[in-house]
Amino acid sequence: MKYQSQKVAYAYFLVAMALFGIQVLGGLLAGWIYVSPNTLSEVLPFNVIRMIHTNALIVWLLLGFFGAAYYLVPEESEREIFSVKLAYIQLAILVVGTLGAVGSYLVGIHGGREFLEQPLWVKFGILVAAVIFLVNVSLTFLAGRKTAITNILMMGLWLLCLLWVFAFINPDNLSLDKMYWWMVVHLWVEATWELVMAAILGFLMLKLTGVDREVIEKWLYVIVATALFSGILGTGHHFYWIGTPGYWQWIGSIFSTFEVVPFFAMMSFAFVMVWKGRKNHPNKAALLWSLGSSTVAFFGAGVWGFLHTLHGVNFYTHGTQITAAHGHLAFYGAYVALNLAMFSYAMPLLRNRAPYNQVLNMASFWLMTGGMAFMTFTLTFAGTIQTHMQRIVGDYYMDVQDQLGLFYLMRFGSGVAVVLGAILFIYSMLVVRREVVKPGPVIKDAAIPGE
Amino acid sequence: MSELLTKSRARNVFYGGSIFFVVVFVALTAQSHRHIVDKATAGMPLTEEVRLGKHVWERNSCINCHTLHGEGAYFAPEVGNVMTRWGAQDDPELAYEMLDGWMQAQPSGIEGRRQMPHFEITEEEMRALAEFLRWADQTDTQNWPPNDAG
Ligand code: HEM
Ligand code: HEM
Ligand SMILES: [Fe+2]
């Protein structure tokens, strides 16, 4: 850690990890209700649990991004954060807002637009926190050295905060409501968050592989260009069946197909940088999460996204378990794993210790990634059967669901693996104090060929 | 490629291209807005009752179990075409009666079956909710869903 004020990232990462725990436990409970539907049905119905699951996800990912920005901007700008106090005030507002939202969900007070259910005062709190954040990092950024990494990061963060305005716009016309809703949801995960992802991935590659900054930054501009060129008009893949004009079927299909490109490029970028890099960085866990993130993002967003993005396919799969399969792997690969990569890299530095406990952290990577992959497969099978029986044969929804019990049981099992992986990750970050497996001797001359 | 594509050129292409796509997107969004208001949802007036129905739908977070036009949660049936499925799309009184009967019978309490909660909804609100669902059902959704099962 080069700058004292980077320390604020620590508090952000701690809160993020706590919410991550709540998120996966909420998911596990929701998955259990699919298996045993009478569980808690009178006390805590499925819709409330689902709100907690998805809202906790979004808030902790954002907290992770904010923390990453507070860690990375001083180092790139070569100066302390404009105001450490503002950073803590921002965090306090977000914590109060989150607790307020969860509390009001539990007593039945909430909005009714998916993912944006927060009561109005919480939405305003988020807005205030976002403004504080933008002021704080922008003043740091403007006063210091400007790099492509911070340029892209700042642009992503500014735009995603601006898009939050659409959380307040809820027209009475349902179709208009839906159209503007996607300006937050789609333009977050498939445009602005991708800029944040590319910037953080670029930073990690710079630190972990030691490849020339010039090379990394050129890659980054190409990646984010393909992201926005495809992702903005790619919004059309949500405008097929909600009352919007028919031409979106062509625009959405064509441009969202190109959305695969930035994810493929980010995966290639990560592997090429590791291949070119000469540094033998000791933090192997951060490297594993970085490579894993870009790879799983390519499969979850790229492959599983393309699977149902052409309008001829989407006509049948729209709003089935196929969507849930894609949503899980895409969020996990692109944003969960990326945040965990950043935590794995920064936490040892923030806590002033060597990056040990690699083995437990890496085990948690395989447990979580294996669990999410399995969950994606079972939901994809369930969704395929659902699509056929319900959308093609025309069987009634509930009768079809009765046929899918085995898949939901397997989804619950994979959820257990994910929860265990998350607990192991948090444990390895916060508790372990010495190396679990002694590393072999470092070979000084890296040119020794393998046999 | 390294000669032709310098870092600053890549950056300029990124900025210029992004602005271009934002402009196109904003124009198409404005056109879609008009299409929704003038054509796709014009089959039935957006009355105060429909508006109230939408607020009832939101207040109870129905979207976190059901899909509506295919968006939402996947735990319970599609409701964008439920009035067609019930044969009540053209009969407001029947729509209200069917919906009210359904809502009053929840939760079913049947062991091993997914449960829909009981909601506190007044008669006025229930009528509004039925109108909202009829209003949603008349939207021109490009012939989605493929069949009445939703
Ligand atoms: C990391 C990036 C991505 C994330 C986090 C993500 C996440 C999601 C989520 C959560 C949904 C469900 C939204 C709802 O509740 O209705 C969704 C829907 C969808 N996504 Fe993605 N997605 C990503 C990238 C992509 C890409 C690159 C494509 C296309 C190649 C794609 C195609 C789709 C389609 C077509 C739908 C609509 C599914 C339906 O009709 O039910 N996504 N995505
Ligand atoms: C313990 C592991 C998990 C389990 C058992 C689980 C289970 C569930 C369930 C049952 C739903 C509701 C689906 C429905 O509406 O019928 C859901 C929704 C969702 N979960 Fe998870 N989840 C888990 C972990 C995660 C993780 C790690 C992420 C992020 C990567 C995530 C992201 C989401 C999203 C984005 C939705 C909304 C999907 C959509 O609207 O398409 N979940 N989850
Ligand atoms: Fe999308």
# chains A, B, ... in the order shown; residues from 1 in each chain; ligands from 1
>>> residues_around(residues="B:Gln138", least_positions_apart="6", cutoff="10 Å", atoms="only C-alpha atoms", output="MDAnalysis selection string")
(chainID A and resid 243) or (chainID B and resid 40:44 80:81 83:84 89:90)
>>> interface_residues(of="chain A", to="chain B", cutoff="6 Å", atoms="only C-alpha atoms", output="VMD selection string")
chain A and resid 37 47 111 to 112 172 218 221 225 241 to 244 318 to 319 394 396 to 397
>>> write_last_selection(atoms="N, CA and C atoms", output="PDB file, in the first residue's frame")
ATOM      1  N   PRO A  37     -41.754 -26.231  -0.906  1.00  0.00           N
ATOM      2  CA  PRO A  37     -42.428 -24.937  -1.096  1.00  0.00           C
ATOM      3  C   PRO A  37     -43.191 -24.410   0.115  1.00  0.00           C
ATOM      4  N   ASN A  47     -41.139 -13.944  -2.473  1.00  0.00           N
ATOM      5  CA  ASN A  47     -40.783 -12.668  -3.115  1.00  0.00           C
ATOM      6  C   ASN A  47     -39.900 -11.803  -2.226  1.00  0.00           C
ATOM      7  N   GLY A 111     -40.943  -1.233  -3.070  1.00  0.00           N
ATOM      8  CA  GLY A 111     -41.458  -0.912  -4.389  1.00  0.00           C
ATOM      9  C   GLY A 111     -41.731  -2.206  -5.135  1.00  0.00           C
ATOM     10  N   GLY A 112     -42.125  -2.052  -6.403  1.00  0.00           N
ATOM     11  CA  GLY A 112     -42.490  -3.244  -7.135  1.00  0.00           C
ATOM     12  C   GLY A 112     -41.839  -3.380  -8.491  1.00  0.00           C
ATOM     13  N   ASP A 172     -46.542   5.467 -15.563  1.00  0.00           N
ATOM     14  CA  ASP A 172     -47.727   4.658 -15.297  1.00  0.00           C
ATOM     15  C   ASP A 172     -47.998   3.669 -16.421  1.00  0.00           C
ATOM     16  N   LYS A 218      -3.636   0.102 -24.407  1.00  0.00           N
ATOM     17  CA  LYS A 218      -4.197   0.021 -25.757  1.00  0.00           C
ATOM     18  C   LYS A 218      -5.277  -1.065 -25.815  1.00  0.00           C
ATOM     19  N   TYR A 221      -8.617   0.203 -24.326  1.00  0.00           N
ATOM     20  CA  TYR A 221      -9.470   1.050 -25.166  1.00  0.00           C
ATOM     21  C   TYR A 221     -10.196   0.227 -26.222  1.00  0.00           C
ATOM     22  N   ALA A 225     -14.262  -0.079 -26.283  1.00  0.00           N
ATOM     23  CA  ALA A 225     -14.938   0.353 -27.508  1.00  0.00           C
ATOM     24  C   ALA A 225     -15.896  -0.735 -27.980  1.00  0.00           C
ATOM     25  N   TRP A 241     -40.519  -8.059 -26.789  1.00  0.00           N
ATOM     26  CA  TRP A 241     -41.915  -8.432 -26.499  1.00  0.00           C
ATOM     27  C   TRP A 241     -42.579  -7.585 -25.420  1.00  0.00           C
ATOM     28  N   ILE A 242     -42.171  -6.336 -25.262  1.00  0.00           N
ATOM     29  CA  ILE A 242     -42.750  -5.552 -24.156  1.00  0.00           C
ATOM     30  C   ILE A 242     -43.576  -4.377 -24.665  1.00  0.00           C
ATOM     31  N   GLY A 243     -43.912  -4.387 -25.955  1.00  0.00           N
ATOM     32  CA  GLY A 243     -44.717  -3.292 -26.485  1.00  0.00           C
ATOM     33  C   GLY A 243     -43.906  -2.340 -27.340  1.00  0.00           C
ATOM     34  N   THR A 244     -42.617  -2.582 -27.446  1.00  0.00           N
ATOM     35  CA  THR A 244     -41.722  -1.751 -28.254  1.00  0.00           C
ATOM     36  C   THR A 244     -41.810  -2.194 -29.724  1.00  0.00           C
ATOM     37  N   HIS A 318     -37.813 -16.759 -23.479  1.00  0.00           N
ATOM     38  CA  HIS A 318     -37.995 -15.529 -22.693  1.00  0.00           C
ATOM     39  C   HIS A 318     -38.651 -15.803 -21.335  1.00  0.00           C
ATOM     40  N   GLY A 319     -37.963 -15.414 -20.252  1.00  0.00           N
ATOM     41  CA  GLY A 319     -38.560 -15.542 -18.929  1.00  0.00           C
ATOM     42  C   GLY A 319     -38.720 -16.976 -18.454  1.00  0.00           C
ATOM     43  N   GLY A 394     -47.399 -26.352 -24.974  1.00  0.00           N
ATOM     44  CA  GLY A 394     -48.500 -25.549 -24.451  1.00  0.00           C
ATOM     45  C   GLY A 394     -49.067 -26.062 -23.144  1.00  0.00           C
ATOM     46  N   TYR A 396     -49.633 -26.266 -19.101  1.00  0.00           N
ATOM     47  CA  TYR A 396     -49.775 -25.203 -18.113  1.00  0.00           C
ATOM     48  C   TYR A 396     -48.516 -25.091 -17.241  1.00  0.00           C
ATOM     49  N   TYR A 397     -48.182 -23.843 -16.895  1.00  0.00           N
ATOM     50  CA  TYR A 397     -46.945 -23.550 -16.149  1.00  0.00           C
ATOM     51  C   TYR A 397     -46.736 -24.461 -14.941  1.00  0.00           C
TER      52      TYR A 397
END
>>> residues_around(residues="A:Ser138", least_positions_apart="5", cutoff="12 Å", atoms="only C-alpha atoms", output="VMD selection string")
chain A and resid 69 to 70 73 to 74 77 81 to 83 130 to 133 143 to 144 146 150 to 151 153 to 155 157 to 158
>>> write_last_selection(atoms="N, CA, C and O atoms", output="PDB file, in the first residue's frame")
ATOM      1  N   ALA A  69     -12.178   1.402  -6.377  1.00  0.00           N
ATOM      2  CA  ALA A  69     -11.812   2.730  -6.873  1.00  0.00           C
ATOM      3  C   ALA A  69     -10.976   3.469  -5.828  1.00  0.00           C
ATOM      4  O   ALA A  69      -9.959   4.086  -6.161  1.00  0.00           O
ATOM      5  N   TYR A  70     -11.385   3.377  -4.552  1.00  0.00           N
ATOM      6  CA  TYR A  70     -10.614   4.062  -3.512  1.00  0.00           C
ATOM      7  C   TYR A  70      -9.220   3.444  -3.354  1.00  0.00           C
ATOM      8  O   TYR A  70      -8.286   4.103  -2.913  1.00  0.00           O
ATOM      9  N   VAL A  73      -7.454   4.387  -7.429  1.00  0.00           N
ATOM     10  CA  VAL A  73      -7.275   5.754  -7.914  1.00  0.00           C
ATOM     11  C   VAL A  73      -6.056   6.451  -7.269  1.00  0.00           C
ATOM     12  O   VAL A  73      -5.268   7.067  -7.988  1.00  0.00           O
ATOM     13  N   PRO A  74      -5.846   6.343  -5.942  1.00  0.00           N
ATOM     14  CA  PRO A  74      -4.639   6.979  -5.387  1.00  0.00           C
ATOM     15  C   PRO A  74      -3.360   6.428  -6.016  1.00  0.00           C
ATOM     16  O   PRO A  74      -2.458   7.195  -6.363  1.00  0.00           O
ATOM     17  N   SER A  77      -3.213   7.745  -9.589  1.00  0.00           N
ATOM     18  CA  SER A  77      -3.083   9.205  -9.648  1.00  0.00           C
ATOM     19  C   SER A  77      -1.856   9.702  -8.899  1.00  0.00           C
ATOM     20  O   SER A  77      -1.525  10.882  -8.966  1.00  0.00           O
ATOM     21  N   ILE A  81      -6.298  10.279  -1.446  1.00  0.00           N
ATOM     22  CA  ILE A  81      -7.689  10.573  -1.779  1.00  0.00           C
ATOM     23  C   ILE A  81      -8.045  11.973  -1.290  1.00  0.00           C
ATOM     24  O   ILE A  81      -7.588  12.396  -0.222  1.00  0.00           O
ATOM     25  N   PHE A  82      -8.872  12.673  -2.054  1.00  0.00           N
ATOM     26  CA  PHE A  82      -9.249  14.034  -1.704  1.00  0.00           C
ATOM     27  C   PHE A  82      -9.716  14.129  -0.253  1.00  0.00           C
ATOM     28  O   PHE A  82      -9.254  14.966   0.507  1.00  0.00           O
ATOM     29  N   SER A  83     -10.666  13.294   0.154  1.00  0.00           N
ATOM     30  CA  SER A  83     -11.124  13.354   1.542  1.00  0.00           C
ATOM     31  C   SER A  83     -11.475  11.958   2.055  1.00  0.00           C
ATOM     32  O   SER A  83     -12.426  11.330   1.575  1.00  0.00           O
ATOM     33  N   ALA A 130     -23.710   8.385  -4.060  1.00  0.00           N
ATOM     34  CA  ALA A 130     -23.066   8.366  -5.378  1.00  0.00           C
ATOM     35  C   ALA A 130     -22.436   9.723  -5.681  1.00  0.00           C
ATOM     36  O   ALA A 130     -21.318   9.795  -6.205  1.00  0.00           O
ATOM     37  N   VAL A 131     -23.157  10.800  -5.327  1.00  0.00           N
ATOM     38  CA  VAL A 131     -22.616  12.133  -5.591  1.00  0.00           C
ATOM     39  C   VAL A 131     -21.341  12.365  -4.767  1.00  0.00           C
ATOM     40  O   VAL A 131     -20.317  12.836  -5.287  1.00  0.00           O
ATOM     41  N   ILE A 132     -21.405  12.003  -3.482  1.00  0.00           N
ATOM     42  CA  ILE A 132     -20.218  12.149  -2.631  1.00  0.00           C
ATOM     43  C   ILE A 132     -19.046  11.387  -3.247  1.00  0.00           C
ATOM     44  O   ILE A 132     -17.922  11.888  -3.366  1.00  0.00           O
ATOM     45  N   PHE A 133     -19.328  10.163  -3.673  1.00  0.00           N
ATOM     46  CA  PHE A 133     -18.282   9.324  -4.247  1.00  0.00           C
ATOM     47  C   PHE A 133     -17.669   9.979  -5.482  1.00  0.00           C
ATOM     48  O   PHE A 133     -16.444  10.079  -5.622  1.00  0.00           O
ATOM     49  N   ALA A 143      -6.607  15.990  -9.949  1.00  0.00           N
ATOM     50  CA  ALA A 143      -5.395  16.617  -9.424  1.00  0.00           C
ATOM     51  C   ALA A 143      -4.140  15.812  -9.748  1.00  0.00           C
ATOM     52  O   ALA A 143      -3.030  16.322  -9.628  1.00  0.00           O
ATOM     53  N   GLY A 144      -4.319  14.544 -10.154  1.00  0.00           N
ATOM     54  CA  GLY A 144      -3.139  13.690 -10.271  1.00  0.00           C
ATOM     55  C   GLY A 144      -2.832  13.233 -11.681  1.00  0.00           C
ATOM     56  O   GLY A 144      -3.339  13.774 -12.659  1.00  0.00           O
ATOM     57  N   LYS A 146      -3.052  11.092 -14.932  1.00  0.00           N
ATOM     58  CA  LYS A 146      -4.195  10.435 -15.561  1.00  0.00           C
ATOM     59  C   LYS A 146      -3.710   9.276 -16.413  1.00  0.00           C
ATOM     60  O   LYS A 146      -2.828   9.436 -17.241  1.00  0.00           O
ATOM     61  N   THR A 150      -7.534   4.787 -15.096  1.00  0.00           N
ATOM     62  CA  THR A 150      -8.432   5.662 -14.333  1.00  0.00           C
ATOM     63  C   THR A 150      -9.420   6.388 -15.247  1.00  0.00           C
ATOM     64  O   THR A 150     -10.556   6.618 -14.865  1.00  0.00           O
ATOM     65  N   ASN A 151      -8.983   6.735 -16.458  1.00  0.00           N
ATOM     66  CA  ASN A 151      -9.919   7.335 -17.419  1.00  0.00           C
ATOM     67  C   ASN A 151     -11.150   6.470 -17.598  1.00  0.00           C
ATOM     68  O   ASN A 151     -12.290   6.943 -17.525  1.00  0.00           O
ATOM     69  N   LEU A 153     -12.124   3.851 -15.802  1.00  0.00           N
ATOM     70  CA  LEU A 153     -12.824   3.618 -14.542  1.00  0.00           C
ATOM     71  C   LEU A 153     -13.749   4.792 -14.217  1.00  0.00           C
ATOM     72  O   LEU A 153     -14.928   4.608 -13.890  1.00  0.00           O
ATOM     73  N   MET A 154     -13.212   6.008 -14.345  1.00  0.00           N
ATOM     74  CA  MET A 154     -14.020   7.186 -14.014  1.00  0.00           C
ATOM     75  C   MET A 154     -15.217   7.291 -14.938  1.00  0.00           C
ATOM     76  O   MET A 154     -16.330   7.606 -14.508  1.00  0.00           O
ATOM     77  N   MET A 155     -14.994   7.022 -16.207  1.00  0.00           N
ATOM     78  CA  MET A 155     -16.099   7.126 -17.150  1.00  0.00           C
ATOM     79  C   MET A 155     -17.187   6.104 -16.799  1.00  0.00           C
ATOM     80  O   MET A 155     -18.380   6.436 -16.774  1.00  0.00           O
ATOM     81  N   LEU A 157     -17.807   4.758 -13.867  1.00  0.00           N
ATOM     82  CA  LEU A 157     -18.474   5.095 -12.606  1.00  0.00           C
ATOM     83  C   LEU A 157     -19.412   6.287 -12.767  1.00  0.00           C
ATOM     84  O   LEU A 157     -20.526   6.290 -12.244  1.00  0.00           O
ATOM     85  N   TRP A 158     -18.977   7.282 -13.507  1.00  0.00           N
ATOM     86  CA  TRP A 158     -19.852   8.445 -13.750  1.00  0.00           C
ATOM     87  C   TRP A 158     -21.120   8.019 -14.463  1.00  0.00           C
ATOM     88  O   TRP A 158     -22.227   8.382 -14.070  1.00  0.00           O
TER      89      TRP A 158
END
>>> residues_near_ligand(ligand="ligand 1", cutoff="8 Å", atoms="only C-alpha atoms and all ligand atoms", output="VMD selection string")
(chain A and resid 114 to 115 185 to 186 189 to 190 194 231 234 237 to 238 256 to 260 263 297 300 to 310 314 to 315 317 to 320 322 to 324 326 to 335) or (chain B and resid 70 to 73)
>>> select_by_dssp(residues="chain B", states="helix (DSSP H, G or I)", output="ChimeraX atom specification")
/B:7-40,48-59,62-64,82-85,92-104,123-137
>>> closest_residue(among="A:Ile126, A:Leu367, A:Ile251, A:Leu142", to="A:Cys161", atoms="only C-alpha atoms")
A:Ile126
>>> atom_distance(atom1="atom CA of B:Val23", atom2="atom CA of A:Arg113")
27.0 Å
>>> closest_residue(among="A:Thr98, A:Thr235, A:Ser230, A:Gln23", to="ligand 3", atoms="only C-alpha atoms and all ligand atoms")
A:Thr235
